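*Asks:* My file is data.cif. It has mmCIF, C-alpha atoms:
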```cif
data_my_file
loop_
_atom_site.group_PDB
_atom_site.id
_atom_site.type_symbol
_atom_site.label_atom_id
_atom_site.label_comp_id
_atom_site.auth_asym_id
_atom_site.auth_seq_id
_atom_site.Cartn_x
_atom_site.Cartn_y
_atom_site.Cartn_z
ATOM 1 C CA MET A 1 14.538 -16.043 -4.047
ATOM 2 C CA ILE A 2 16.699 -12.958 -4.342
ATOM 3 C CA SER A 3 19.842 -11.790 -2.566
ATOM 4 C CA PRO A 4 19.897 -8.639 -0.433
ATOM 5 C CA GLU A 5 22.780 -7.410 -2.614
ATOM 6 C CA GLU A 6 20.620 -7.636 -5.727
ATOM 7 C CA ILE A 7 17.758 -5.766 -4.064
ATOM 8 C CA LYS A 8 20.128 -3.019 -2.949
ATOM 9 C CA GLN A 9 21.846 -2.802 -6.318
ATOM 10 C CA THR A 10 18.539 -2.655 -8.215
ATOM 11 C CA LEU A 11 17.208 0.080 -5.960
ATOM 12 C CA ALA A 12 20.483 2.018 -5.981
ATOM 13 C CA ASN A 13 20.398 2.040 -9.795
ATOM 14 C CA ALA A 14 16.769 3.196 -9.944
ATOM 15 C CA LEU A 15 16.993 5.670 -7.065
ATOM 16 C CA PRO A 16 20.559 6.997 -6.878
ATOM 17 C CA GLY A 17 21.796 8.329 -3.554
ATOM 18 C CA SER A 18 19.444 6.188 -1.473
ATOM 19 C CA THR A 19 20.246 4.536 1.831
ATOM 20 C CA ILE A 20 18.807 1.031 1.789
ATOM 21 C CA GLU A 21 18.319 -1.571 4.510
ATOM 22 C CA THR A 22 16.929 -5.024 3.775
ATOM 23 C CA GLN A 23 15.605 -7.666 6.084
ATOM 24 C CA ASP A 24 14.725 -11.213 5.130
ATOM 25 C CA LEU A 25 11.512 -11.673 7.112
ATOM 26 C CA THR A 26 11.245 -15.459 6.907
ATOM 27 C CA GLY A 27 14.769 -16.623 6.100
ATOM 28 C CA GLY A 28 13.482 -17.986 2.790
ATOM 29 C CA GLY A 29 14.831 -15.132 0.687
ATOM 30 C CA ASP A 30 11.460 -14.178 -0.818
ATOM 31 C CA HIS A 31 9.682 -12.208 1.945
ATOM 32 C CA TRP A 32 11.481 -8.939 2.400
ATOM 33 C CA GLN A 33 11.242 -5.774 4.370
ATOM 34 C CA VAL A 34 13.027 -2.858 2.767
ATOM 35 C CA ILE A 35 13.697 0.464 4.448
ATOM 36 C CA ILE A 36 14.749 3.096 1.964
ATOM 37 C CA VAL A 37 15.650 6.732 2.449
ATOM 38 C CA SER A 38 15.917 8.502 -0.883
ATOM 39 C CA PRO A 39 16.285 12.092 -2.041
ATOM 40 C CA ALA A 40 13.980 11.119 -4.931
ATOM 41 C CA PHE A 41 11.119 10.841 -2.399
ATOM 42 C CA GLU A 42 11.293 14.505 -1.438
ATOM 43 C CA GLY A 43 7.918 16.188 -1.800
ATOM 44 C CA LYS A 44 6.165 12.944 -2.795
ATOM 45 C CA GLY A 45 3.356 11.181 -0.951
ATOM 46 C CA LEU A 46 3.784 7.676 0.429
ATOM 47 C CA LEU A 47 1.773 6.141 -2.387
ATOM 48 C CA GLU A 48 4.058 7.682 -4.977
ATOM 49 C CA GLN A 49 7.152 6.629 -3.006
ATOM 50 C CA HIS A 50 5.958 3.033 -2.785
ATOM 51 C CA ARG A 51 5.075 3.021 -6.463
ATOM 52 C CA MET A 52 8.643 4.079 -7.306
ATOM 53 C CA VAL A 53 10.115 1.186 -5.301
ATOM 54 C CA ASN A 54 7.587 -1.324 -6.644
ATOM 55 C CA GLU A 55 8.378 -0.193 -10.164
ATOM 56 C CA ALA A 56 12.124 -0.654 -9.624
ATOM 57 C CA LEU A 57 11.619 -4.170 -8.254
ATOM 58 C CA LYS A 58 8.836 -5.109 -10.681
ATOM 59 C CA GLY A 59 10.970 -7.667 -12.531
ATOM 60 C CA ALA A 60 11.780 -9.621 -9.388
ATOM 61 C CA MET A 61 8.168 -9.467 -8.227
ATOM 62 C CA ASP A 62 6.753 -10.517 -11.580
ATOM 63 C CA ASP A 63 8.933 -13.628 -11.725
ATOM 64 C CA GLN A 64 8.123 -14.364 -8.048
ATOM 65 C CA ARG A 65 11.685 -14.084 -6.763
ATOM 66 C CA ILE A 66 10.132 -11.585 -4.379
ATOM 67 C CA HIS A 67 6.864 -12.937 -3.059
ATOM 68 C CA ALA A 68 6.125 -10.285 -0.450
ATOM 69 C CA LEU A 69 7.584 -6.857 0.081
ATOM 70 C CA ALA A 70 6.975 -4.713 3.148
ATOM 71 C CA LEU A 71 8.129 -1.162 2.529
ATOM 72 C CA LYS A 72 9.132 1.727 4.704
ATOM 73 C CA THR A 73 10.030 4.754 2.631
ATOM 74 C CA PHE A 74 11.315 8.137 3.753
ATOM 75 C CA SER A 75 12.683 11.282 2.205
ATOM 76 C CA PRO A 76 15.871 12.437 3.975
ATOM 77 C CA ALA A 77 13.809 15.168 5.721
ATOM 78 C CA GLN A 78 11.201 12.639 6.909
ATOM 79 C CA TRP A 79 13.957 10.338 8.141
ATOM 80 C CA GLU A 80 15.649 13.205 9.980
ATOM 81 C CA LYS A 81 12.392 14.030 11.737
ATOM 82 C CA LEU A 82 11.969 10.426 12.821
ATOM 83 C CA GLY A 83 15.378 10.312 14.490
ATOM 84 C CA SER A 84 14.997 13.530 16.445
ATOM 85 C CA MET B 1 -17.635 -6.536 -19.688
ATOM 86 C CA ALA B 2 -14.227 -5.628 -18.322
ATOM 87 C CA ASP B 3 -15.075 -1.934 -18.287
ATOM 88 C CA GLN B 4 -18.297 -2.634 -16.459
ATOM 89 C CA VAL B 5 -16.400 -3.721 -13.366
ATOM 90 C CA LEU B 6 -14.283 -0.549 -13.476
ATOM 91 C CA THR B 7 -17.443 1.582 -13.610
ATOM 92 C CA GLN B 8 -18.875 -0.351 -10.700
ATOM 93 C CA ILE B 9 -15.666 0.196 -8.689
ATOM 94 C CA GLU B 10 -15.585 3.895 -9.586
ATOM 95 C CA ASP B 11 -19.166 4.281 -8.300
ATOM 96 C CA LYS B 12 -18.330 2.729 -4.935
ATOM 97 C CA VAL B 13 -15.083 4.658 -4.558
ATOM 98 C CA LYS B 14 -16.790 7.977 -5.307
ATOM 99 C CA ASN B 15 -19.941 7.331 -3.270
ATOM 100 C CA ASN B 16 -18.296 6.159 -0.053
ATOM 101 C CA LYS B 17 -16.098 8.493 1.967
ATOM 102 C CA VAL B 18 -14.034 5.507 3.032
ATOM 103 C CA MET B 19 -14.098 2.438 0.821
ATOM 104 C CA LEU B 20 -12.046 -0.658 1.585
ATOM 105 C CA TYR B 21 -11.487 -3.508 -0.839
ATOM 106 C CA MET B 22 -10.440 -6.459 1.284
ATOM 107 C CA LYS B 23 -10.293 -10.230 1.596
ATOM 108 C CA GLY B 24 -13.247 -11.330 3.716
ATOM 109 C CA THR B 25 -15.431 -9.026 5.791
ATOM 110 C CA PRO B 26 -14.649 -6.678 8.710
ATOM 111 C CA ASP B 27 -16.002 -9.341 11.122
ATOM 112 C CA PHE B 28 -14.332 -12.244 9.325
ATOM 113 C CA PRO B 29 -11.242 -10.999 7.507
ATOM 114 C CA GLN B 30 -9.525 -13.715 5.496
ATOM 115 C CA CYS B 31 -6.032 -12.275 5.520
ATOM 116 C CA GLY B 32 -3.818 -10.642 8.138
ATOM 117 C CA PHE B 33 -3.263 -7.489 6.104
ATOM 118 C CA SER B 34 -6.997 -6.998 5.588
ATOM 119 C CA ALA B 35 -7.572 -7.596 9.308
ATOM 120 C CA HIS B 36 -4.972 -5.022 10.304
ATOM 121 C CA THR B 37 -6.437 -2.473 7.895
ATOM 122 C CA VAL B 38 -9.906 -2.935 9.393
ATOM 123 C CA GLU B 39 -8.428 -2.555 12.877
ATOM 124 C CA ILE B 40 -6.807 0.770 11.995
ATOM 125 C CA LEU B 41 -9.973 2.160 10.382
ATOM 126 C CA LYS B 42 -12.126 1.021 13.306
ATOM 127 C CA SER B 43 -9.847 2.831 15.758
ATOM 128 C CA TYR B 44 -11.002 6.161 14.277
ATOM 129 C CA GLY B 45 -14.675 5.323 14.728
ATOM 130 C CA VAL B 46 -15.594 6.462 11.235
ATOM 131 C CA PRO B 47 -18.009 4.536 9.031
ATOM 132 C CA PHE B 48 -16.471 2.688 6.107
ATOM 133 C CA ALA B 49 -17.837 0.518 3.327
ATOM 134 C CA THR B 50 -16.127 -2.693 2.295
ATOM 135 C CA GLU B 51 -16.222 -5.165 -0.530
ATOM 136 C CA ASP B 52 -14.958 -8.726 -0.306
ATOM 137 C CA VAL B 53 -12.824 -9.394 -3.387
ATOM 138 C CA LEU B 54 -12.857 -13.130 -2.667
ATOM 139 C CA ALA B 55 -16.581 -13.109 -3.446
ATOM 140 C CA ASP B 56 -16.050 -11.873 -6.999
ATOM 141 C CA PRO B 57 -12.986 -12.685 -9.138
ATOM 142 C CA THR B 58 -13.787 -9.870 -11.598
ATOM 143 C CA VAL B 59 -13.610 -7.312 -8.765
ATOM 144 C CA ARG B 60 -10.434 -8.919 -7.414
ATOM 145 C CA GLU B 61 -8.785 -8.473 -10.783
ATOM 146 C CA GLY B 62 -10.542 -5.192 -11.641
ATOM 147 C CA ILE B 63 -9.491 -3.320 -8.523
ATOM 148 C CA LYS B 64 -5.823 -3.947 -9.315
ATOM 149 C CA ARG B 65 -6.287 -2.418 -12.757
ATOM 150 C CA TYR B 66 -8.364 0.459 -11.412
ATOM 151 C CA SER B 67 -5.602 1.657 -9.079
ATOM 152 C CA ASN B 68 -2.627 0.166 -10.896
ATOM 153 C CA TRP B 69 -1.675 -1.371 -7.546
ATOM 154 C CA PRO B 70 -0.797 -5.056 -7.316
ATOM 155 C CA THR B 71 -2.127 -6.054 -3.899
ATOM 156 C CA ILE B 72 -5.230 -6.176 -1.700
ATOM 157 C CA PRO B 73 -6.358 -4.627 0.656
ATOM 158 C CA GLN B 74 -6.813 -1.237 -0.988
ATOM 159 C CA ILE B 75 -8.108 1.821 0.845
ATOM 160 C CA TYR B 76 -9.853 4.777 -0.779
ATOM 161 C CA ILE B 77 -10.568 7.962 1.172
ATOM 162 C CA GLY B 78 -12.602 10.827 -0.250
ATOM 163 C CA GLY B 79 -12.687 9.106 -3.637
ATOM 164 C CA LYS B 80 -8.902 8.828 -3.859
ATOM 165 C CA PHE B 81 -6.674 5.769 -3.664
ATOM 166 C CA VAL B 82 -4.540 5.953 -0.517
ATOM 167 C CA GLY B 83 -2.645 2.664 -0.639
ATOM 168 C CA GLY B 84 -2.548 -0.762 0.977
ATOM 169 C CA CYS B 85 -1.973 -2.001 4.507
ATOM 170 C CA ASP B 86 1.654 -0.769 4.775
ATOM 171 C CA ILE B 87 0.806 2.758 3.706
ATOM 172 C CA LEU B 88 -2.287 3.001 5.913
ATOM 173 C CA HIS B 89 -0.261 1.748 8.872
ATOM 174 C CA GLU B 90 2.478 4.283 8.203
ATOM 175 C CA LEU B 91 0.015 7.194 7.795
ATOM 176 C CA HIS B 92 -1.629 6.113 11.047
ATOM 177 C CA GLU B 93 1.751 6.057 12.852
ATOM 178 C CA ARG B 94 2.791 9.424 11.458
ATOM 179 C CA GLY B 95 -0.502 11.027 12.492
ATOM 180 C CA GLU B 96 -1.392 11.844 8.907
ATOM 181 C CA LEU B 97 -4.451 9.624 8.627
ATOM 182 C CA GLU B 98 -6.711 11.558 10.977
ATOM 183 C CA PRO B 99 -6.574 14.824 8.986
ATOM 184 C CA MET B 100 -7.261 12.868 5.795
ATOM 185 C CA LEU B 101 -10.350 11.263 7.326
ATOM 186 C CA LYS B 102 -11.517 14.582 8.765
ATOM 187 C CA ALA B 103 -11.161 16.257 5.395
ATOM 188 C CA ALA B 104 -13.196 13.506 3.718
ATOM 189 C CA PHE B 105 -16.031 13.664 6.238
ATOM 190 C CA ASN B 106 -16.191 17.454 6.378
ATOM 191 C CA LYS B 107 -16.905 17.794 2.686
#
```
Taking this structure as input, can you express it in the form of structure tokens?
*Replies:*
Amino acid sequence: MISPEEIKQTLANALPGSTIETQDLTGGGDHWQVIIVSPAFEGKGLLEQHRMVNEALKGAMDDQRIHALALKTFSPAQWEKLGS
Amino acid sequence: MADQVLTQIEDKVKNNKVMLYMKGTPDFPQCGFSAHTVEILKSYGVPFATEDVLADPTVREGIKRYSNWPTIPQIYIGGKFVGGCDILHELHERGELEPMLKAAFNK
């Protein structure tokens, strides 16, 4: 189990300047959906973007505090396009 | 021994334009993420090869090392690792999957 604050803090440290939304998918605190818009994703493919997030949260996944993680990642430009 | 499985995976990934490592089979997927992945691929009407990682623990473990990716399913297109269910879904939604498949089959 992990708190949304810890997820956000961990990701904010690894990927400064990101906008991060978390959703507890089951209410159990270990299945999460994370939406993250980060300038660090600019020019990178989805695989690379997901790898960056997985890497940042590796500790919490390795010790099973996060059991499942559904990711939606966007560069600011990709996010902009989505909203228009 | 361990390297043998990586060679075997490499062969399949390079010799199939679309290769899916999944839990179960396309007709009987054993996990929701694998099922969804099959559904997406089928919607394009392209042929794809699959391997059931539940049938062989060395492949189940080997594929994670091969791609340095922690989860299954794993999709390879044109010999390259694309991602898991989330990424395939997202590429599908964004309209980026079709050009990738076309590129692989036009080679």
*Asks:* Can you check which parts of chain A lie within 7 Å of chain B? Per residue, the shortest pair of atoms and distance in Å to one decimal, counting all atoms listed in the file, sorted by chain and number, as a tab-separated table.
*Replies:*
```
residue	atom	partner	partner_atom	distance
A:Leu46	CA	B:Ile87	CA	6.6
A:Leu47	CA	B:Gly83	CA	5.9
A:Ala70	CA	B:Asp86	CA	6.8
A:Leu71	CA	B:Asp86	CA	6.9
```
*Asks:* List the spatial neighbours of segment 51-65 of chain B as a PyMOL selection string - criterion: any atom at most 12 Å away, only C-alpha atoms, same-chain residues fewer than 5 positions off excluded.
*Replies:* chain B and resi 1-10+12-13+16+18-31+34+38+70-76+81+83-84
*Asks:* Between atom CA of Thr19 of chain A and atom CA of Val53 of chain A, what distance in Å does the model show, to one decimal?
*Replies:*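 We find that atom CA of Thr19 of chain A and atom CA of Val53 of chain A lie 12.8 Å from each other.
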*Asks:* Find the residues around Gly43 of chain A up to 12 Å (all atoms listed in the file counted), leave out those fewer than 2 positions away in its own chain, and share them as a PyMOL selection string.
*Replies:* chain A and resi 38-41+45-49+74-78
*Asks:* What's around segment 32-35 of chain A at 10 Å? Count only C-alpha atoms, leave out sequence neighbours fewer than 4 positions away in its own chain, and write the answer as number ranges by chain.
*Replies:* A: 2, 4, 7-8, 19-28, 53, 66-74
*Asks:* Please write the residues from the selection above to a file, keeping C-alpha atoms, as a PDB file, in the frame of the given file.
*Replies:*
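And here's result-v2.pdb as it stands now:
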```
ATOM      1  CA  ILE A   2      16.699 -12.958  -4.342  1.00  0.00           C
ATOM      2  CA  PRO A   4      19.897  -8.639  -0.433  1.00  0.00           C
ATOM      3  CA  ILE A   7      17.758  -5.766  -4.064  1.00  0.00           C
ATOM      4  CA  LYS A   8      20.128  -3.019  -2.949  1.00  0.00           C
ATOM      5  CA  THR A  19      20.246   4.536   1.831  1.00  0.00           C
ATOM      6  CA  ILE A  20      18.807   1.031   1.789  1.00  0.00           C
ATOM      7  CA  GLU A  21      18.319  -1.571   4.510  1.00  0.00           C
ATOM      8  CA  THR A  22      16.929  -5.024   3.775  1.00  0.00           C
ATOM      9  CA  GLN A  23      15.605  -7.666   6.084  1.00  0.00           C
ATOM     10  CA  ASP A  24      14.725 -11.213   5.130  1.00  0.00           C
ATOM     11  CA  LEU A  25      11.512 -11.673   7.112  1.00  0.00           C
ATOM     12  CA  THR A  26      11.245 -15.459   6.907  1.00  0.00           C
ATOM     13  CA  GLY A  27      14.769 -16.623   6.100  1.00  0.00           C
ATOM     14  CA  GLY A  28      13.482 -17.986   2.790  1.00  0.00           C
ATOM     15  CA  VAL A  53      10.115   1.186  -5.301  1.00  0.00           C
ATOM     16  CA  ILE A  66      10.132 -11.585  -4.379  1.00  0.00           C
ATOM     17  CA  HIS A  67       6.864 -12.937  -3.059  1.00  0.00           C
ATOM     18  CA  ALA A  68       6.125 -10.285  -0.450  1.00  0.00           C
ATOM     19  CA  LEU A  69       7.584  -6.857   0.081  1.00  0.00           C
ATOM     20  CA  ALA A  70       6.975  -4.713   3.148  1.00  0.00           C
ATOM     21  CA  LEU A  71       8.129  -1.162   2.529  1.00  0.00           C
ATOM     22  CA  LYS A  72       9.132   1.727   4.704  1.00  0.00           C
ATOM     23  CA  THR A  73      10.030   4.754   2.631  1.00  0.00           C
ATOM     24  CA  PHE A  74      11.315   8.137   3.753  1.00  0.00           C
TER      25      PHE A  74
END
```
*Asks:* What is the atom CA of Glu39 of chain B to atom CA of Glu93 of chain B distance in Å?
*Replies:* 13.3 Å
*Asks:* Rounded to one decimal, what separation in Å do you get between atom CA of Phe48 of chain B and atom CA of Ala35 of chain B?
*Replies:*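 Between atom CA of Phe48 of chain B and atom CA of Ala35 of chain B the gap works out to 14.0 Å.
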